[in-house]
Amino acid sequence: MEHVLVTGGAGYIGAHACKALKAAGYVPVAFDNLSTGWRDAVKFGPLHEGNLLDRASLDAAFAAYKPVAVMHFAALSLVGESMKDPGKYWRENVTGAANLADAAVAAGCLDFVFSSTCATYGDQDGVVLDEDTAQLPINAYGSSKLAIEQLLADFEAAHGLRSVIFRYFNVAGSDPEAEVGEQHVPETHLIPLMLDAIAGKRDALTIYGTDYNTPDGTCVRDYVHVSDLVDAHVKGLKWLKDGKASRVFCLGSGDGFSVREVVEASRAVTNRPVPVVEGGRRAGDAAVLVSGSRRAVEELGWEPKRSDISTMIADAWRWHQSEPYER
Ligand code: UDP
């Protein structure tokens, strides 16, 4: 059976990708340093503990499994942290990706699926973002992901490394079968924090900013279900295996929801009150990030099935009520 090296395979999106790859007939090899990932989340193939900053551990993984492709999820991804410590983001994300791409080329593994982000667009008032929109990041997380996109273009020119790049909007929800799910320490994301507040596991949710130029003053985001997102990755892998050219795809639902709307949807899905307090803005946050995902639908045949806000929250809530991972 063919192996795929999944960096960050013990993390939230990576673990869901491993499940989808297994279902598609591949053996997913989770390459992870477990700094933010979970050993318990590696359920669908082997775990190779390694670090992107340690080239030898990458070479060992390529030699051991001879993967036919790489899916690169491993990254630091907290906007707020990236604003406080940009060096960490450039080192771990950009240098890590350079090491990975070098190791892939050295091993002759030239198909690369990369997890990028709508944070590369920055804050473009009133624009529905698509693949052709200019990339103008406003935080170091977005800058580091943009640099990796550029790095991949350079590697294609120099070494023939072909890539499918996905720019994600806000990934949410969990595996409907709750085999894997969203769990971060520390948790910073809106929906899991809100479910914690609803379940009484933490104090009220703080709404970060109510004075944005949006209909209700809170930030608007485009939420996409993690299971839909990883289905697109399997299609992206097939795209490369079919010999098609490197391509960028945005992945969102095309619908924007404000923080207040997500709060209201969570109240409706869980049928419980949501304790909320209003706070100031969080550094680095754009007012509105909404995608057009027509290219993924038309060219990849992507069909988001669970990306309506109620289904995402219901799936997240089911996982939230199951046993959490232990390290
Ligand atoms: N948000 C919030 N309170 C929180 C966490 C997030 O109001 O405790 C807001 C945040 O400002 C953003 C949206 O919820 O507008 C989604 O944030 P998240 O951190 O989940 O994802 P991001 O957009 O940073 O990728």
# chains A, B, ... in the order shown; residues from 1 in each chain; ligands from 1
>>> residues_near_ligand(ligand="ligand 1", cutoff="10 Å", atoms="only C-alpha atoms and all ligand atoms", output="PyMOL selection string")
chain A and resi 77-80+117-119+168-172+187-194+204-210+212+218-223+257-260+262-263+276-289
>>> atom_distance(atom1="CA of Leu237 in chain A", atom2="CA of Glu182 in chain A")
23.4 Å
>>> residues_around(residues="Arg295 in chain A", least_positions_apart="3", cutoff="12 Å", atoms="only C-alpha atoms", output="compact mmCIF listing (two decimals) with C-alpha atoms, in the first residue's frame")
# COMPACT_ATOMS: atom_id res chain seq x y z
CA LEU A 129 -11.49 36.42 -1.22
CA ASP A 130 -10.54 33.99 -3.94
CA GLU A 131 -7.39 32.50 -5.38
CA ASP A 132 -6.61 35.62 -7.43
CA PHE A 166 -5.19 24.99 0.08
CA ARG A 167 -5.98 28.33 1.69
CA ALA A 232 -10.59 18.31 -0.52
CA ARG A 247 -2.75 24.80 -8.23
CA VAL A 248 -4.08 26.92 -5.38
CA PHE A 249 -7.58 26.37 -4.00
CA CYS A 250 -9.51 28.33 -1.38
CA LEU A 251 -11.57 26.23 1.00
CA GLY A 252 -14.47 27.90 2.74
CA GLY A 254 -18.72 30.99 1.03
CA SER A 291 -14.11 32.98 0.65
CA GLY A 292 -15.35 32.10 -2.77
CA GLU A 298 -15.57 23.22 -10.23
CA GLU A 299 -12.08 21.84 -10.70
CA LEU A 300 -11.66 19.35 -7.87
CA GLY A 301 -15.30 18.29 -7.72
CA TRP A 302 -15.31 19.26 -4.03
CA GLU A 303 -18.72 18.95 -2.39
>>> select_by_dssp(residues="range 101-313 of chain A", states="alpha helix (DSSP H)", output="ChimeraX atom specification")
/A:101-106,140-159,190-198,226-241,259-270,294-295,309-313
>>> residues_around(residues="Leu53 in chain A", least_positions_apart="6", cutoff="12 Å", atoms="only C-alpha atoms", output="JSON, numbers by chain")
{"A": [32, 33, 59, 74, 75, 88, 90, 91, 92, 93, 94, 95, 96, 97, 98, 99, 100, 101, 102, 103]}
>>> write_last_selection(atoms="C-alpha atoms", output="mmCIF file, in the first residue's frame")
data_model
loop_
_atom_site.group_PDB
_atom_site.id
_atom_site.type_symbol
_atom_site.label_atom_id
_atom_site.label_comp_id
_atom_site.auth_asym_id
_atom_site.auth_seq_id
_atom_site.Cartn_x
_atom_site.Cartn_y
_atom_site.Cartn_z
ATOM 1 C CA ASP A 32 4.747 14.938 14.468
ATOM 2 C CA ASN A 33 6.820 16.224 17.372
ATOM 3 C CA ASP A 59 15.314 11.878 6.106
ATOM 4 C CA ALA A 74 2.505 20.885 10.928
ATOM 5 C CA ALA A 75 2.753 24.547 11.866
ATOM 6 C CA LYS A 88 9.237 31.657 16.371
ATOM 7 C CA TRP A 90 9.405 32.288 10.799
ATOM 8 C CA ARG A 91 11.757 29.700 12.302
ATOM 9 C CA GLU A 92 9.309 26.878 12.888
ATOM 10 C CA ASN A 93 6.973 27.405 9.955
ATOM 11 C CA VAL A 94 9.265 28.687 7.217
ATOM 12 C CA THR A 95 12.534 26.958 8.096
ATOM 13 C CA GLY A 96 10.576 23.803 8.923
ATOM 14 C CA ALA A 97 8.929 23.845 5.488
ATOM 15 C CA ALA A 98 12.269 24.444 3.759
ATOM 16 C CA ASN A 99 13.744 21.410 5.527
ATOM 17 C CA LEU A 100 10.708 19.309 4.628
ATOM 18 C CA ALA A 101 10.771 20.331 0.975
ATOM 19 C CA ASP A 102 14.519 19.666 0.772
ATOM 20 C CA ALA A 103 14.045 16.226 2.326
#
>>> residues_around(residues="Leu34 in chain A", least_positions_apart="6", cutoff="12 Å", atoms="only C-alpha atoms", output="list in words")
Thr7, Gly8, Gly9, Ala10, Gly11, Tyr12, Asp40, Ala41, Val42, Leu47, His48, Glu49, Gly50, Asn51, Leu52, Ala74, Ala75, His184, Val185, Glu326 and Arg327 of chain A
>>> write_last_selection(atoms="C-alpha atoms", output="PDB file, in the first residue's frame")
ATOM      1  CA  THR A   7       3.219  16.294   8.967  1.00  0.00           C
ATOM      2  CA  GLY A   8       1.149  17.388  11.934  1.00  0.00           C
ATOM      3  CA  GLY A   9      -0.749  14.109  11.679  1.00  0.00           C
ATOM      4  CA  ALA A  10      -1.349  14.119  15.444  1.00  0.00           C
ATOM      5  CA  GLY A  11      -2.982  17.547  15.299  1.00  0.00           C
ATOM      6  CA  TYR A  12      -6.551  18.595  14.688  1.00  0.00           C
ATOM      7  CA  ASP A  40      -4.108   9.456  21.033  1.00  0.00           C
ATOM      8  CA  ALA A  41      -5.087  11.158  17.767  1.00  0.00           C
ATOM      9  CA  VAL A  42      -2.848   8.875  15.686  1.00  0.00           C
ATOM     10  CA  LEU A  47       3.395   7.695  14.181  1.00  0.00           C
ATOM     11  CA  HIS A  48       6.905   8.847  13.286  1.00  0.00           C
ATOM     12  CA  GLU A  49       8.047  11.198  16.032  1.00  0.00           C
ATOM     13  CA  GLY A  50      10.242  13.831  14.489  1.00  0.00           C
ATOM     14  CA  ASN A  51      10.849  17.515  14.156  1.00  0.00           C
ATOM     15  CA  LEU A  52      10.812  19.644  11.020  1.00  0.00           C
ATOM     16  CA  ALA A  74       2.505  20.885  10.928  1.00  0.00           C
ATOM     17  CA  ALA A  75       2.753  24.547  11.866  1.00  0.00           C
ATOM     18  CA  HIS A 184      -5.871  22.368  21.682  1.00  0.00           C
ATOM     19  CA  VAL A 185      -3.879  23.370  24.751  1.00  0.00           C
ATOM     20  CA  GLU A 326      -4.558  12.240  26.870  1.00  0.00           C
ATOM     21  CA  ARG A 327      -0.953  12.849  25.961  1.00  0.00           C
TER      22      ARG A 327
END
>>> atom_distance(atom1="CA of Asp242 in chain A", atom2="CA of Val230 in chain A")
18.4 Å
>>> closest_residue(among="A:Arg267, A:His233, A:Arg202, A:Lys66", to="Gly14 in chain A", atoms="only C-alpha atoms")
A:His233
>>> closest_residue(among="A:Ala104, A:Arg162, A:Gly181, A:Lys235", to="Glu149 in chain A", atoms="only C-alpha atoms")
A:Arg162
>>> residues_around(residues="Glu156 in chain A", least_positions_apart="6", cutoff="9 Å", atoms="only C-alpha atoms", output="PDB file with C-alpha atoms, in the first residue's frame")
ATOM      1  CA  LEU A 110       7.682  15.363  -5.585  1.00  0.00           C
ATOM      2  CA  ARG A 162       4.566  20.035  -7.609  1.00  0.00           C
ATOM      3  CA  SER A 163       2.076  21.315  -5.099  1.00  0.00           C
ATOM      4  CA  SER A 246       0.318  22.900  -9.360  1.00  0.00           C
TER       5      SER A 246
END
>>> select_by_dssp(residues="range 187-303 of chain A", states="strand (DSSP E)", output="VMD selection string")
chain A and resid 205 to 208 220 to 221 223 to 225 247 to 251 257 to 258 276 to 279 288 to 289
>>> write_last_selection(atoms="N, CA and C atoms", output="CSV table (one decimal), in the first residue's frame")
chain,number,residue,atom,x,y,z
A,205,LEU,N,-17.3,33.2,27.5
A,205,LEU,CA,-16.6,33.5,26.3
A,205,LEU,C,-16.5,35.0,26.2
A,206,THR,N,-15.2,35.5,25.9
A,206,THR,CA,-15.0,36.9,25.6
A,206,THR,C,-15.1,37.1,24.1
A,207,ILE,N,-16.0,38.0,23.7
A,207,ILE,CA,-16.1,38.4,22.3
A,207,ILE,C,-15.0,39.5,22.1
A,208,TYR,N,-14.1,39.2,21.2
A,208,TYR,CA,-13.0,40.1,20.9
A,208,TYR,C,-13.4,41.2,19.9
A,220,VAL,N,-16.4,38.8,11.2
A,220,VAL,CA,-17.1,37.8,10.4
A,220,VAL,C,-16.1,36.8,9.8
A,221,ARG,N,-16.4,35.5,10.0
A,221,ARG,CA,-15.5,34.5,9.4
A,221,ARG,C,-16.4,33.4,8.6
A,223,TYR,N,-16.7,29.6,8.1
A,223,TYR,CA,-16.4,28.4,8.8
A,223,TYR,C,-16.6,27.2,7.9
A,224,VAL,N,-15.6,26.3,7.8
A,224,VAL,CA,-15.7,25.1,7.0
A,224,VAL,C,-15.5,23.8,7.8
A,225,HIS,N,-16.3,22.8,7.6
A,225,HIS,CA,-16.1,21.6,8.4
A,225,HIS,C,-14.8,20.9,8.1
A,247,ARG,N,-1.5,24.0,-8.2
A,247,ARG,CA,-2.7,24.8,-8.2
A,247,ARG,C,-3.0,25.2,-6.8
A,248,VAL,N,-3.6,26.4,-6.7
A,248,VAL,CA,-4.1,26.9,-5.4
A,248,VAL,C,-5.6,26.8,-5.3
A,249,PHE,N,-6.1,26.4,-4.2
A,249,PHE,CA,-7.6,26.4,-4.0
A,249,PHE,C,-7.9,27.0,-2.7
A,250,CYS,N,-8.9,27.9,-2.7
A,250,CYS,CA,-9.5,28.3,-1.4
A,250,CYS,C,-10.5,27.3,-0.9
A,251,LEU,N,-10.6,27.1,0.4
A,251,LEU,CA,-11.6,26.2,1.0
A,251,LEU,C,-12.3,27.0,2.1
A,257,PHE,N,-20.2,34.2,9.0
A,257,PHE,CA,-20.9,34.3,10.2
A,257,PHE,C,-20.2,35.2,11.2
A,258,SER,N,-20.9,36.1,11.9
A,258,SER,CA,-20.3,36.9,12.9
A,258,SER,C,-20.1,36.1,14.2
A,276,VAL,N,-21.5,35.0,27.9
A,276,VAL,CA,-20.6,35.8,27.0
A,276,VAL,C,-20.3,37.1,27.7
A,277,VAL,N,-19.1,37.6,27.6
A,277,VAL,CA,-18.8,39.0,27.9
A,277,VAL,C,-18.1,39.7,26.7
A,278,GLU,N,-18.3,41.0,26.6
A,278,GLU,CA,-17.7,41.7,25.5
A,278,GLU,C,-16.4,42.3,25.9
A,279,GLY,N,-15.4,42.1,25.0
A,279,GLY,CA,-14.0,42.6,25.3
A,279,GLY,C,-13.5,43.4,24.2
A,288,VAL,N,-13.3,40.9,8.4
A,288,VAL,CA,-14.1,40.0,7.6
A,288,VAL,C,-13.2,39.1,6.8
A,289,LEU,N,-13.4,37.8,6.9
A,289,LEU,CA,-12.6,36.8,6.0
A,289,LEU,C,-13.7,35.8,5.5
>>> closest_residue(among="A:Ala23, A:Val70, A:Val234, A:Leu152", to="Gly108 in chain A", atoms="only C-alpha atoms")
A:Val70
